[in-house]
$ cat target15.txt   # compact mmCIF, C-alpha atoms
# COMPACT_ATOMS: atom_id res chain seq x y z
CA VAL M 306 52.74 102.60 160.05
CA LYS M 307 54.82 100.57 162.52
CA SER M 308 57.93 100.68 160.32
CA LYS M 309 57.52 104.38 159.56
CA PHE M 310 57.27 105.14 163.29
CA MET M 311 60.49 103.23 163.94
CA CYS M 312 62.28 105.10 161.16
CA GLU M 313 61.13 108.44 162.52
CA LYS M 314 62.46 107.57 165.97
CA LEU M 315 65.83 106.59 164.47
CA ALA M 316 65.96 109.89 162.59
CA GLU M 317 65.27 111.79 165.82
CA GLN M 318 68.48 110.24 167.16
CA GLY M 319 70.46 111.37 164.12
CA ILE M 320 70.50 107.92 162.52
CA VAL M 321 69.82 107.66 158.79
CA ALA M 322 66.86 105.34 158.19
CA PHE M 323 66.06 103.71 154.85
CA MET M 324 62.82 101.75 154.48
CA PHE M 325 61.69 99.85 151.39
CA ASP M 326 59.17 97.24 150.24
CA PHE M 327 60.11 93.85 148.82
CA TYR M 328 56.95 93.66 146.69
CA ASP M 329 53.97 95.65 145.45
CA LYS M 330 51.56 94.91 148.27
CA PRO M 331 48.81 97.53 148.81
CA ASN M 332 50.39 100.90 149.58
CA GLY M 333 53.79 99.45 148.70
CA LEU M 334 56.31 101.26 146.58
CA SER M 335 58.12 98.32 145.01
CA GLU M 336 57.90 97.58 141.30
CA LEU M 337 58.34 93.86 142.00
CA SER M 338 55.19 91.74 141.89
CA ILE M 339 54.24 89.84 145.02
CA GLU M 340 52.97 87.06 142.76
CA ASN M 341 56.52 85.93 142.02
CA THR M 342 58.14 86.85 145.31
CA SER M 343 60.61 84.50 146.99
CA VAL M 344 63.07 84.56 149.84
CA SER M 345 65.94 84.28 147.35
CA LEU M 346 64.64 87.32 145.47
CA GLN M 347 64.29 89.26 148.71
CA LEU M 348 67.90 88.48 149.55
CA ARG M 349 69.01 89.95 146.22
CA VAL M 350 66.82 93.02 146.70
CA LEU M 351 68.21 93.55 150.20
CA ARG M 352 71.79 93.52 148.92
CA VAL M 353 70.90 96.12 146.29
CA ALA M 354 69.26 98.26 148.98
CA ILE M 355 72.33 98.11 151.23
CA ASP M 356 74.63 98.85 148.29
CA TYR M 357 72.51 101.92 147.56
CA VAL M 358 72.60 103.14 151.17
CA CYS M 359 76.36 102.61 151.38
CA GLY M 360 76.76 104.73 148.27
CA LEU M 361 75.21 107.79 149.91
CA SER M 362 77.80 110.41 150.79
CA PHE M 363 76.32 111.08 154.26
CA VAL M 364 76.27 107.42 155.34
CA ASP M 365 79.08 105.87 157.38
CA VAL M 366 79.52 102.47 155.72
CA ASN M 367 81.16 101.15 158.87
CA ARG M 368 77.99 101.72 160.92
CA ILE M 369 75.23 99.85 159.10
CA GLY M 370 72.33 98.36 161.07
CA LEU M 371 69.59 96.11 159.74
CA THR M 372 66.13 95.04 160.85
CA GLY M 373 63.28 92.99 159.49
CA HIS M 374 59.86 91.80 160.62
CA SER M 375 58.18 88.42 160.03
CA LEU M 376 59.26 87.17 156.58
CA GLY M 377 61.56 90.20 156.47
CA GLY M 378 63.04 88.91 159.73
CA MET M 379 63.82 85.62 158.03
CA THR M 380 65.41 87.50 155.15
CA VAL M 381 67.72 89.62 157.31
CA LEU M 382 68.76 86.56 159.33
CA LEU M 383 69.78 84.75 156.15
CA TYR M 384 71.48 87.83 154.74
CA THR M 385 73.52 89.19 157.63
CA SER M 386 76.14 86.44 157.75
CA THR M 387 76.96 87.15 154.09
CA ASP M 388 77.71 90.88 154.49
CA SER M 389 80.32 92.15 156.94
CA ARG M 390 79.01 95.71 156.48
CA VAL M 391 76.10 94.90 158.82
CA LYS M 392 77.24 95.80 162.34
CA ALA M 393 73.95 95.33 164.22
CA LEU M 394 70.83 93.26 163.58
CA VAL M 395 67.35 93.53 165.10
CA VAL M 396 64.99 90.65 164.36
CA GLN M 397 61.27 91.28 164.88
CA SER M 398 58.88 88.32 165.22
CA ALA M 399 60.75 86.45 162.51
CA LEU M 400 59.51 83.50 160.53
CA SER M 401 62.53 81.37 161.42
CA ASP M 402 61.17 77.87 160.89
CA PHE M 403 60.22 77.75 157.21
CA LYS M 404 58.93 74.18 157.08
CA GLU M 405 55.75 72.70 155.60
CA LYS M 406 54.36 71.86 159.04
CA THR M 407 54.89 75.32 160.51
CA LEU M 408 53.64 77.02 157.36
CA SER M 409 50.48 74.92 157.46
CA ASN M 410 49.78 76.14 160.98
CA THR M 411 49.74 79.71 159.69
CA TRP M 412 48.41 79.41 156.15
CA GLY M 413 46.44 76.17 156.26
CA ASP M 414 46.91 73.00 154.25
CA LEU M 415 49.56 73.56 151.60
CA SER M 416 48.32 70.77 149.32
CA ALA M 417 45.69 72.93 147.61
CA TRP M 418 48.24 75.71 147.13
CA LYS M 419 50.69 73.23 145.66
CA LYS M 420 48.09 71.66 143.37
CA GLN M 421 46.77 74.98 142.10
CA ARG M 422 50.32 76.46 142.01
CA TYR M 423 49.14 79.71 143.60
CA LYS M 424 47.22 81.01 146.60
CA LEU M 425 45.11 84.12 147.11
CA PHE M 426 45.80 85.85 150.42
CA ASP M 427 42.67 87.76 151.38
CA ARG M 428 44.05 89.64 154.38
CA CYS M 429 47.65 89.31 155.50
CA TRP M 430 49.06 90.08 152.05
CA GLY M 431 46.26 92.32 150.87
CA GLY M 432 44.27 90.09 148.51
CA MET M 433 47.31 89.22 146.45
CA ARG M 434 48.10 86.08 144.46
CA VAL M 435 51.32 84.32 145.48
CA ASN M 436 52.78 81.46 143.45
CA TYR M 437 53.73 78.17 145.12
CA THR M 438 57.30 78.73 143.97
CA PHE M 439 57.50 80.99 147.04
CA VAL M 440 57.15 77.92 149.27
CA GLU M 441 59.48 75.78 147.16
CA ASP M 442 62.18 78.43 147.33
CA GLY M 443 61.72 79.13 151.03
CA LEU M 444 62.12 75.45 151.93
CA LYS M 445 65.66 75.60 150.55
CA HIS M 446 66.76 78.03 153.27
CA ASP M 447 67.72 76.94 156.79
CA VAL M 448 67.59 79.95 159.10
CA TYR M 449 68.79 78.15 162.20
CA SER M 450 71.95 76.86 160.54
CA THR M 451 72.70 80.17 158.86
CA ALA M 452 72.18 82.13 162.09
CA ARG M 453 75.16 80.37 163.64
CA ASN M 454 77.40 82.35 161.27
CA ILE M 455 76.19 85.81 162.27
CA LYS M 456 79.07 87.75 163.84
CA CYS M 457 77.47 91.11 164.70
CA PRO M 458 75.34 91.79 167.81
CA VAL M 459 71.73 90.63 167.48
CA LEU M 460 68.54 91.61 169.28
CA VAL M 461 65.48 89.39 168.86
CA PHE M 462 62.04 90.34 170.13
CA HIS M 463 58.73 88.53 169.75
CA GLY M 464 55.23 88.86 171.17
CA ASP M 465 53.91 86.05 173.34
CA LYS M 466 50.43 86.51 171.84
CA ASP M 467 51.64 86.10 168.25
CA THR M 468 49.22 83.82 166.36
CA SER M 469 50.97 84.21 163.00
CA VAL M 470 54.51 83.18 163.94
CA PRO M 471 54.72 81.30 167.27
CA LEU M 472 57.06 82.64 169.95
CA GLU M 473 58.69 79.20 170.01
CA GLN M 474 60.38 79.94 166.69
CA SER M 475 62.37 82.81 168.20
CA GLU M 476 63.10 80.77 171.31
CA LYS M 477 64.60 78.11 169.06
CA LEU M 478 66.44 80.77 167.05
CA MET M 479 68.26 81.97 170.16
CA LYS M 480 69.92 78.56 170.47
CA SER M 481 71.64 79.24 167.14
CA LEU M 482 72.80 82.75 168.03
CA LYS M 483 75.65 83.87 170.28
CA ARG M 484 75.31 83.81 174.06
CA THR M 485 75.81 87.58 174.09
CA ASP M 486 72.85 88.20 171.79
CA GLU M 487 69.67 89.54 173.35
CA PHE M 488 66.12 88.18 173.47
CA VAL M 489 63.05 90.07 174.67
CA VAL M 490 59.54 88.65 174.95
CA LEU M 491 56.91 91.34 174.46
CA ARG M 492 54.25 90.32 176.96
CA GLY M 493 50.78 90.78 175.55
CA ALA M 494 51.96 91.61 172.02
CA GLY M 495 50.66 90.02 168.84
CA HIS M 496 52.46 89.72 165.53
CA THR M 497 52.37 93.39 164.53
CA TYR M 498 52.44 95.05 167.99
CA LYS M 499 49.09 96.78 167.54
CA GLU M 500 48.18 96.39 171.21
CA SER M 501 48.28 99.52 173.37
CA GLY M 502 51.85 100.68 173.93
CA MET M 503 53.46 97.68 172.23
CA ASN M 504 54.69 99.48 169.11
CA GLU M 505 56.27 102.12 171.32
CA LYS M 506 57.95 99.45 173.47
CA ALA M 507 59.27 97.58 170.43
CA THR M 508 60.54 100.81 168.92
CA GLU M 509 62.30 101.79 172.15
CA LEU M 510 64.11 98.43 172.21
CA PHE M 511 65.05 98.77 168.56
CA VAL M 512 66.35 102.33 168.74
CA ARG M 513 68.28 101.76 171.96
CA PHE M 514 70.01 98.71 170.47
CA MET M 515 70.97 100.54 167.29
CA LYS M 516 72.32 103.52 169.22
CA LYS M 517 74.48 101.18 171.27
CA HIS M 518 75.94 99.16 168.42
CA ILE M 519 76.19 101.53 165.48

$ encode --input "target15.txt" --output "structure tokens"
Amino acid sequence: VKSKFMCEKLAEQGIVAFMFDFYDKPNGLSELSIENTSVSLQLRVLRVAIDYVCGLSFVDVNRIGLTGHSLGGMTVLLYTSTDSRVKALVVQSALSDFKEKTLSNTWGDLSAWKKQRYKLFDRCWGGMRVNYTFVEDGLKHDVYSTARNIKCPVLVFHGDKDTSVPLEQSEKLMKSLKRTDEFVVLRGAGHTYKESGMNEKATELFVRFMKKHI
């Protein structure tokens, strides 16, 4: 719902919006199974998605913007420095510190997941099974180092009541980005901006930034 609302607001400003799912979570449209998802796979899917959008006759390939939330935020951070077509990036509550310690704070002790080789997520990923290869792959990626290579303008926003991905991760991320990049703390917002007025505020920031830079 949050992402659809943001897309609708972009469209109202005459900006083409393309939204997709990385995996077949409940209500998702992807044919890719969440069981075997990985950050590396998401990076490949994202490139295919951008190639598709750039192939549309009504899209200006010189004015491509990109956004991602949570794990999607990590994915777009890793991707953007590899594709000069991306002219603006908005990072929403990104999982920037993909380390065993930080993952344990969110998902609990990883040892059982590692031993069993899979984990069942009963809520945040809709009761889906995710293989431990997801963790093994994610640990290979260093967001903070990669972010130093991003050339386009970046907006980062994060809720200070986020219990899924701590605000501190975005604060640390900003040290790897350019001095001209922007950082907004959404006071009172959790991870998905469900609090009163927070989705609207996040969307306003997002749309305004895209209008300015693409």

$ residues_around --input "target15.txt" --residues "Asp467 in chain M" --least-positions-apart "6" --cutoff "7 Å" --atoms "all atoms listed in the file" --output "list in words"
Ala494, Gly495 and His496 of chain M

$ axis_aligned_box --input "target15.txt" --around "range 468-478 of chain M" --padding-each-side "6 Å" --output "AutoDock Vina command-line options"
--center_x 57.8 --center_y 81.2 --center_z 167.2 --size_x 29.2 --size_y 18.1 --size_z 20.3

$ residues_around --input "target15.txt" --residues "Val448 in chain M" --least-positions-apart "5" --cutoff "8 Å" --atoms "all atoms listed in the file" --output "mmCIF file with C-alpha atoms, in the frame of the given file"
data_model
loop_
_atom_site.group_PDB
_atom_site.id
_atom_site.type_symbol
_atom_site.label_atom_id
_atom_site.label_comp_id
_atom_site.auth_asym_id
_atom_site.auth_seq_id
_atom_site.Cartn_x
_atom_site.Cartn_y
_atom_site.Cartn_z
ATOM 1 C CA MET M 379 63.820 85.620 158.030
ATOM 2 C CA LEU M 382 68.760 86.560 159.330
ATOM 3 C CA LEU M 383 69.780 84.750 156.150
ATOM 4 C CA SER M 401 62.530 81.370 161.420
ATOM 5 C CA ASP M 402 61.170 77.870 160.890
ATOM 6 C CA PHE M 403 60.220 77.750 157.210
#

$ atom_distance --input "target15.txt" --atom1 "CA of Leu478 in chain M" --atom2 "CA of Thr497 in chain M"
19.1 Å

$ closest_atom_pairs --input "target15.txt" --of "range 413-453 of chain M" --to "range 343-351 of chain M" --cutoff "9 Å" --atoms "only C-alpha atoms" --output "Markdown table"
| residue | atom | partner | partner_atom | distance |
| --- | --- | --- | --- | --- |
| M:Thr438 | CA | M:Ser343 | CA | 7.3 |
| M:Phe439 | CA | M:Ser343 | CA | 4.7 |
| M:Val440 | CA | M:Ser343 | CA | 7.8 |
| M:Glu441 | CA | M:Ser343 | CA | 8.8 |
| M:Asp442 | CA | M:Ser343 | CA | 6.3 |
| M:Gly443 | CA | M:Val344 | CA | 5.7 |
| M:His446 | CA | M:Val344 | CA | 8.2 |

$ closest_residue --input "target15.txt" --among "M:Ser475, M:Ser398, M:Thr372, M:Thr407" --to "Pro458 in chain M" --atoms "only C-alpha atoms"
M:Thr372

$ residues_near_point --input "target15.txt" --point "(78.2, 88.8, 151.8)" --cutoff "12 Å" --atoms "all atoms listed in the file" --output "list in words"
Leu348, Arg349, Leu351, Arg352, Val353, Ile355, Asp356, Val381, Leu383, Tyr384, Thr385, Ser386, Thr387, Asp388, Ser389, Arg390, Val391, Asn454 and Ile455 of chain M
